[in-house]
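Have a look at upload_25.cif; it's mmCIF, C-alpha atoms, pLDDT in the B column; chains and numbers go by the auth columns:
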data_model
loop_
_atom_site.group_PDB
_atom_site.id
_atom_site.type_symbol
_atom_site.label_atom_id
_atom_site.label_comp_id
_atom_site.label_asym_id
_atom_site.label_seq_id
_atom_site.Cartn_x
_atom_site.Cartn_y
_atom_site.Cartn_z
_atom_site.B_iso_or_equiv
_atom_site.auth_seq_id
_atom_site.auth_asym_id
ATOM 1 C CA MET A 1 68.683 73.805 -37.236 30.00 175 A
ATOM 2 C CA ILE A 2 66.282 76.339 -35.807 33.00 176 A
ATOM 3 C CA LEU A 3 65.742 74.171 -32.764 37.00 177 A
ATOM 4 C CA PHE A 4 69.488 74.086 -32.093 38.00 178 A
ATOM 5 C CA SER A 5 70.005 77.792 -32.641 39.00 179 A
ATOM 6 C CA THR A 6 67.051 78.633 -30.407 41.00 180 A
ATOM 7 C CA PHE A 7 68.343 76.543 -27.527 41.00 181 A
ATOM 8 C CA ALA A 8 72.049 77.088 -28.085 43.00 182 A
ATOM 9 C CA GLN A 9 72.589 78.959 -24.821 48.00 183 A
ATOM 10 C CA GLY A 10 70.367 76.632 -22.813 52.00 184 A
ATOM 11 C CA GLN A 11 66.839 77.714 -22.243 62.00 185 A
ATOM 12 C CA ASN A 12 63.987 76.725 -19.988 67.00 186 A
ATOM 13 C CA VAL A 13 61.080 74.828 -21.400 72.00 187 A
ATOM 14 C CA TYR A 14 57.926 74.384 -19.396 73.00 188 A
ATOM 15 C CA LYS A 15 55.954 71.176 -19.605 75.00 189 A
ATOM 16 C CA CYS A 16 52.393 71.402 -18.424 76.00 190 A
ATOM 17 C CA THR A 17 49.824 68.669 -18.307 75.00 191 A
ATOM 18 C CA ASP A 18 46.234 69.698 -18.834 75.00 192 A
ATOM 19 C CA LYS A 19 43.256 68.047 -17.164 76.00 193 A
ATOM 20 C CA ARG A 20 42.978 65.527 -20.011 75.00 194 A
ATOM 21 C CA GLY A 21 46.586 64.444 -19.525 75.00 195 A
ATOM 22 C CA ASN A 22 47.921 66.095 -22.696 77.00 196 A
ATOM 23 C CA ALA A 23 51.457 67.458 -22.480 76.00 197 A
ATOM 24 C CA ILE A 24 51.887 71.104 -23.455 75.00 198 A
ATOM 25 C CA TYR A 25 55.392 72.549 -23.959 74.00 199 A
ATOM 26 C CA SER A 26 56.117 76.257 -23.852 75.00 200 A
ATOM 27 C CA ASP A 27 58.981 78.693 -23.373 74.00 201 A
ATOM 28 C CA LYS A 28 56.874 80.552 -20.790 77.00 202 A
ATOM 29 C CA PRO A 29 55.358 79.315 -17.541 76.00 203 A
ATOM 30 C CA CYS A 30 51.943 77.809 -18.090 75.00 204 A
ATOM 31 C CA LYS A 31 48.939 79.967 -17.319 73.00 205 A
ATOM 32 C CA GLY A 32 45.381 78.854 -17.163 66.00 206 A
ATOM 33 C CA VAL A 33 46.307 75.198 -17.368 57.00 207 A
ATOM 34 C CA LYS A 34 45.228 73.147 -14.426 56.00 208 A
ATOM 35 C CA GLY A 35 47.556 70.311 -13.687 51.00 209 A
ATOM 36 C CA VAL A 36 51.237 69.729 -13.145 53.00 210 A
ATOM 37 C CA GLU A 37 53.888 72.213 -14.248 53.00 211 A
ATOM 38 C CA GLU A 38 57.448 70.987 -14.709 58.00 212 A
ATOM 39 C CA GLU A 39 60.476 73.083 -15.675 56.00 213 A
ATOM 40 C CA LEU A 40 62.910 71.444 -18.078 58.00 214 A
ATOM 41 C CA SER A 41 66.315 72.750 -19.051 60.00 215 A
ATOM 42 C CA VAL A 42 67.290 72.053 -22.630 56.00 216 A
ATOM 43 C CA LYS A 43 70.781 72.459 -24.028 60.00 217 A
ATOM 44 C CA ALA A 44 71.766 71.934 -27.633 58.00 218 A
ATOM 45 C CA PRO A 45 73.971 68.943 -28.208 58.00 219 A
ATOM 46 C CA ALA A 46 77.405 69.521 -29.676 60.00 220 A
ATOM 47 C CA LEU A 47 77.413 69.472 -33.450 56.00 221 A
ATOM 48 C CA SER A 48 78.522 66.180 -34.855 56.00 222 A
ATOM 49 C CA GLY A 49 79.479 65.088 -38.353 54.00 223 A
ATOM 50 C CA THR A 50 75.935 63.860 -38.973 55.00 224 A
ATOM 51 C CA GLN A 51 74.447 67.264 -38.221 60.00 225 A
ATOM 52 C CA ILE A 52 76.973 68.975 -40.475 55.00 226 A
ATOM 53 C CA ALA A 53 76.027 66.548 -43.239 63.00 227 A
ATOM 54 C CA ASP A 54 72.382 67.373 -42.539 75.00 228 A
ATOM 55 C CA GLY A 55 73.245 71.049 -42.997 77.00 229 A
ATOM 56 C CA GLU A 56 74.770 70.219 -46.353 81.00 230 A
ATOM 57 C CA LYS A 57 71.595 68.333 -47.260 83.00 231 A
ATOM 58 C CA VAL A 58 69.538 71.359 -46.304 85.00 232 A
ATOM 59 C CA ASP A 59 71.745 73.564 -48.485 83.00 233 A
ATOM 60 C CA ALA A 60 71.399 71.117 -51.382 84.00 234 A
ATOM 61 C CA LEU A 61 67.628 71.024 -50.948 86.00 235 A
ATOM 62 C CA ARG A 62 67.490 74.828 -50.789 86.00 236 A
ATOM 63 C CA ALA A 63 69.518 75.074 -54.018 85.00 237 A
ATOM 64 C CA LYS A 64 67.230 72.520 -55.696 87.00 238 A
ATOM 65 C CA TRP A 65 64.177 74.440 -54.503 89.00 239 A
ATOM 66 C CA ASN A 66 65.615 77.673 -55.944 89.00 240 A
ATOM 67 C CA ARG A 67 66.338 75.972 -59.288 89.00 241 A
ATOM 68 C CA ASP A 68 62.852 74.444 -59.370 91.00 242 A
ATOM 69 C CA LYS A 69 61.280 77.815 -58.525 92.00 243 A
ATOM 70 C CA LEU A 70 63.192 79.561 -61.336 92.00 244 A
ATOM 71 C CA THR A 71 62.391 76.774 -63.807 92.00 245 A
ATOM 72 C CA SER A 72 58.727 76.927 -62.842 93.00 246 A
ATOM 73 C CA GLY A 73 58.749 80.713 -63.314 94.00 247 A
ATOM 74 C CA ILE A 74 60.226 80.287 -66.791 94.00 248 A
ATOM 75 C CA ARG A 75 57.586 77.715 -67.762 95.00 249 A
ATOM 76 C CA GLN A 76 54.783 79.923 -66.438 95.00 250 A
ATOM 77 C CA ALA A 77 56.098 82.920 -68.393 95.00 251 A
ATOM 78 C CA GLU A 78 56.251 80.793 -71.559 96.00 252 A
ATOM 79 C CA ARG A 79 52.624 79.711 -71.007 96.00 253 A
ATOM 80 C CA ASP A 80 51.648 83.359 -70.453 96.00 254 A
ATOM 81 C CA ILE A 81 53.303 84.346 -73.743 96.00 255 A
ATOM 82 C CA VAL A 82 51.278 81.717 -75.622 97.00 256 A
ATOM 83 C CA LYS A 83 48.112 82.886 -73.832 97.00 257 A
ATOM 84 C CA TYR A 84 48.806 86.533 -74.783 96.00 258 A
ATOM 85 C CA GLN A 85 49.526 85.613 -78.398 96.00 259 A
ATOM 86 C CA ARG A 86 46.229 83.716 -78.662 97.00 260 A
ATOM 87 C CA ALA A 87 44.261 86.537 -77.038 96.00 261 A
ATOM 88 C CA MET A 88 45.860 89.089 -79.370 96.00 262 A
ATOM 89 C CA SER A 89 45.061 86.942 -82.411 95.00 263 A
ATOM 90 C CA LYS A 90 41.407 86.573 -81.340 96.00 264 A
ATOM 91 C CA LYS A 91 40.955 90.309 -80.756 94.00 265 A
ATOM 92 C CA LEU A 92 42.646 91.230 -84.029 93.00 266 A
ATOM 93 C CA ALA A 93 40.546 88.695 -85.930 93.00 267 A
ATOM 94 C CA ARG A 94 37.387 90.175 -84.413 91.00 268 A
ATOM 95 C CA LEU A 95 38.458 93.709 -85.377 89.00 269 A
ATOM 96 C CA GLU A 96 39.380 92.571 -88.918 87.00 270 A
ATOM 97 C CA GLU A 97 35.933 91.025 -89.220 86.00 271 A
ATOM 98 C CA GLU A 98 34.368 94.342 -88.212 83.00 272 A
ATOM 99 C CA GLN A 99 36.469 96.148 -90.844 80.00 273 A
ATOM 100 C CA LYS A 100 34.854 94.057 -93.579 77.00 274 A
ATOM 101 C CA TYR A 101 31.533 95.688 -92.799 74.00 275 A
ATOM 102 C CA ALA A 102 32.795 99.261 -92.964 70.00 276 A
ATOM 103 C CA THR A 103 30.869 100.857 -95.818 67.00 277 A
ATOM 104 C CA ASN A 104 32.492 102.838 -98.596 66.00 278 A
ATOM 105 C CA ASN A 105 31.403 106.271 -97.443 61.00 279 A
ATOM 106 C CA LEU A 106 32.750 108.928 -95.094 66.00 280 A
ATOM 107 C CA ALA A 107 31.228 107.351 -91.984 71.00 281 A
ATOM 108 C CA GLY A 108 32.662 103.985 -93.014 73.00 282 A
ATOM 109 C CA ALA A 109 36.091 105.539 -93.530 74.00 283 A
ATOM 110 C CA HIS A 110 36.025 107.019 -90.010 78.00 284 A
ATOM 111 C CA TYR A 111 34.844 103.693 -88.612 81.00 285 A
ATOM 112 C CA HIS A 112 37.607 101.874 -90.535 78.00 286 A
ATOM 113 C CA SER A 113 40.181 104.344 -89.195 83.00 287 A
ATOM 114 C CA GLY A 114 38.939 103.832 -85.632 85.00 288 A
ATOM 115 C CA LEU A 115 39.211 100.067 -86.004 87.00 289 A
ATOM 116 C CA SER A 116 42.764 100.414 -87.314 88.00 290 A
ATOM 117 C CA THR A 117 43.648 102.482 -84.255 91.00 291 A
ATOM 118 C CA LYS A 118 42.114 99.832 -82.002 92.00 292 A
ATOM 119 C CA MET A 119 44.104 97.134 -83.786 93.00 293 A
ATOM 120 C CA GLN A 120 47.335 99.055 -83.218 95.00 294 A
ATOM 121 C CA ALA A 121 46.483 99.510 -79.533 95.00 295 A
ATOM 122 C CA VAL A 122 45.711 95.787 -79.119 95.00 296 A
ATOM 123 C CA THR A 123 48.962 94.836 -80.853 95.00 297 A
ATOM 124 C CA GLN A 124 50.976 97.264 -78.725 97.00 298 A
ATOM 125 C CA LYS A 125 49.326 96.077 -75.489 96.00 299 A
ATOM 126 C CA TYR A 126 50.002 92.403 -76.102 96.00 300 A
ATOM 127 C CA ASN A 127 53.492 92.964 -77.494 96.00 301 A
ATOM 128 C CA THR A 128 54.347 94.867 -74.296 96.00 302 A
ATOM 129 C CA LEU A 129 52.977 92.042 -72.141 96.00 303 A
ATOM 130 C CA ILE A 130 54.850 89.438 -74.185 96.00 304 A
ATOM 131 C CA GLU A 131 58.096 91.401 -74.026 97.00 305 A
ATOM 132 C CA SER A 132 57.834 91.738 -70.224 96.00 306 A
ATOM 133 C CA LYS A 133 57.454 87.949 -69.950 96.00 307 A
ATOM 134 C CA ARG A 134 60.460 87.451 -72.231 96.00 308 A
ATOM 135 C CA GLU A 135 62.515 89.725 -69.971 97.00 309 A
ATOM 136 C CA LEU A 136 61.372 87.704 -66.957 95.00 310 A
ATOM 137 C CA ILE A 137 62.489 84.524 -68.718 96.00 311 A
ATOM 138 C CA LYS A 138 65.908 86.064 -69.428 96.00 312 A
ATOM 139 C CA ARG A 139 66.349 87.152 -65.804 95.00 313 A
ATOM 140 C CA ASN A 140 65.301 83.762 -64.430 94.00 314 A
ATOM 141 C CA GLN A 141 67.520 81.955 -66.922 95.00 315 A
ATOM 142 C CA ALA A 142 70.493 84.119 -65.896 94.00 316 A
ATOM 143 C CA LYS A 143 69.836 83.322 -62.226 92.00 317 A
ATOM 144 C CA LEU A 144 69.508 79.633 -63.085 92.00 318 A
ATOM 145 C CA ASP A 145 72.799 79.719 -64.999 92.00 319 A
ATOM 146 C CA LYS A 146 74.493 81.404 -62.028 90.00 320 A
ATOM 147 C CA LEU A 147 73.179 78.708 -59.674 86.00 321 A
ATOM 148 C CA GLU A 148 74.557 76.042 -61.991 85.00 322 A
ATOM 149 C CA GLU A 149 77.959 77.798 -62.097 85.00 323 A
ATOM 150 C CA ASP A 150 78.033 78.038 -58.287 80.00 324 A
ATOM 151 C CA LYS A 151 77.127 74.360 -58.068 73.00 325 A
ATOM 152 C CA GLU A 152 80.215 73.357 -60.061 68.00 326 A
#

Would you mind writing the structure in this file as structure tokens?
Amino acid sequence: MILFSTFAQGQNVYKCTDKRGNAIYSDKPCKGVKGVEEELSVKAPALSGTQIADGEKVDALRAKWNRDKLTSGIRQAERDIVKYQRAMSKKLARLEEEQKYATNNLAGAHYHSGLSTKMQAVTQKYNTLIESKRELIKRNQAKLDKLEEDKE
């Protein structure tokens, strides 16, 4: 398609042959190439039914690519959610383990309070990350649904 649209009005193409006999095509006259320079005029052929069908194939492939991209984004977000949940569980388990060793005195109470604050921060951080991935899944699913509606 790009080739046809580029040469739709008819455009000059320059064919140069380098000293090794390799053909070089360009839209500009050849510079620095020793050998033969030939000017070709290229015009786009009239569109036929086959090319229109090819355009439909391109559109179908583009739609499939968009669906695959959205589906892949959804799967990746789901994997990220599982990864975040595991990381949150590990960090909370580590902090809970530290809480067991907080002694029953004033210093231990402050330490215990600090660990509780850290646990809340960890939970909030990962819940925010998880929620952002869930929103991404919703958006991608809505786009996917719209593509399916347009397809029908």

Next on the checklist: List the spatial neighbours of stretch 287-304 of chain A as a list of chain:residue names - criterion: any atom at most 7 Å away, all atoms listed in the file, same-chain residues fewer than 2 positions off excluded.
Outcome noted: A:Ile255, A:Tyr258, A:Met262, A:Leu266, A:Leu269, A:Gln273, A:Ala283, A:His284, A:Tyr285, A:Ser306, A:Lys307, A:Arg308

Checklist entry - So which one's closest to A:Glu252, A:Glu272, A:Glu305, A:Asp201, A:Glu323? Using all atoms listed in the file, please. => result A:Glu305

Checklist entry - Could you spell out the hits of the PyMOL selection byres ((chain A and resi 325) around 12) on the shown file, as a PyMOL selection string? => result chain A and resi 233-234+237-238+241+318-324+326

Restricted to C-alpha atoms, what would the selected residues look like written as a PDB file, keeping the file's coordinate frame?
ATOM      1  CA  ASP A 233      71.745  73.564 -48.485  1.00 83.00           C
ATOM      2  CA  ALA A 234      71.399  71.117 -51.382  1.00 84.00           C
ATOM      3  CA  ALA A 237      69.518  75.074 -54.018  1.00 85.00           C
ATOM      4  CA  LYS A 238      67.230  72.520 -55.696  1.00 87.00           C
ATOM      5  CA  ARG A 241      66.338  75.972 -59.288  1.00 89.00           C
ATOM      6  CA  LEU A 318      69.508  79.633 -63.085  1.00 92.00           C
ATOM      7  CA  ASP A 319      72.799  79.719 -64.999  1.00 92.00           C
ATOM      8  CA  LYS A 320      74.493  81.404 -62.028  1.00 90.00           C
ATOM      9  CA  LEU A 321      73.179  78.708 -59.674  1.00 86.00           C
ATOM     10  CA  GLU A 322      74.557  76.042 -61.991  1.00 85.00           C
ATOM     11  CA  GLU A 323      77.959  77.798 -62.097  1.00 85.00           C
ATOM     12  CA  ASP A 324      78.033  78.038 -58.287  1.00 80.00           C
ATOM     13  CA  GLU A 326      80.215  73.357 -60.061  1.00 68.00           C
TER      14      GLU A 326
END

Checklist entry - If the PyMOL selection byres ((chain A and resi 245) around 12) is run on the structure shown, which residues does it catch, given as a PyMOL selection string? => result chain A and resi 238-244+246-252+310-319+321

Next on the checklist: the PyMOL selection byres ((chain A and resi 202) around 9) - which residues does that actually catch in the file I just gave you? List them as a PyMOL selection string.
Outcome noted: chain A and resi 186-188+199-201+203-205

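Across the structure, atom CA of A:Gly282 and atom CA of A:Ala261 are spaced 26.3 Å apart.
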
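Reported to one decimal place, the separation of atom CA of A:Glu270 from atom CA of A:His286 is 9.6 Å.
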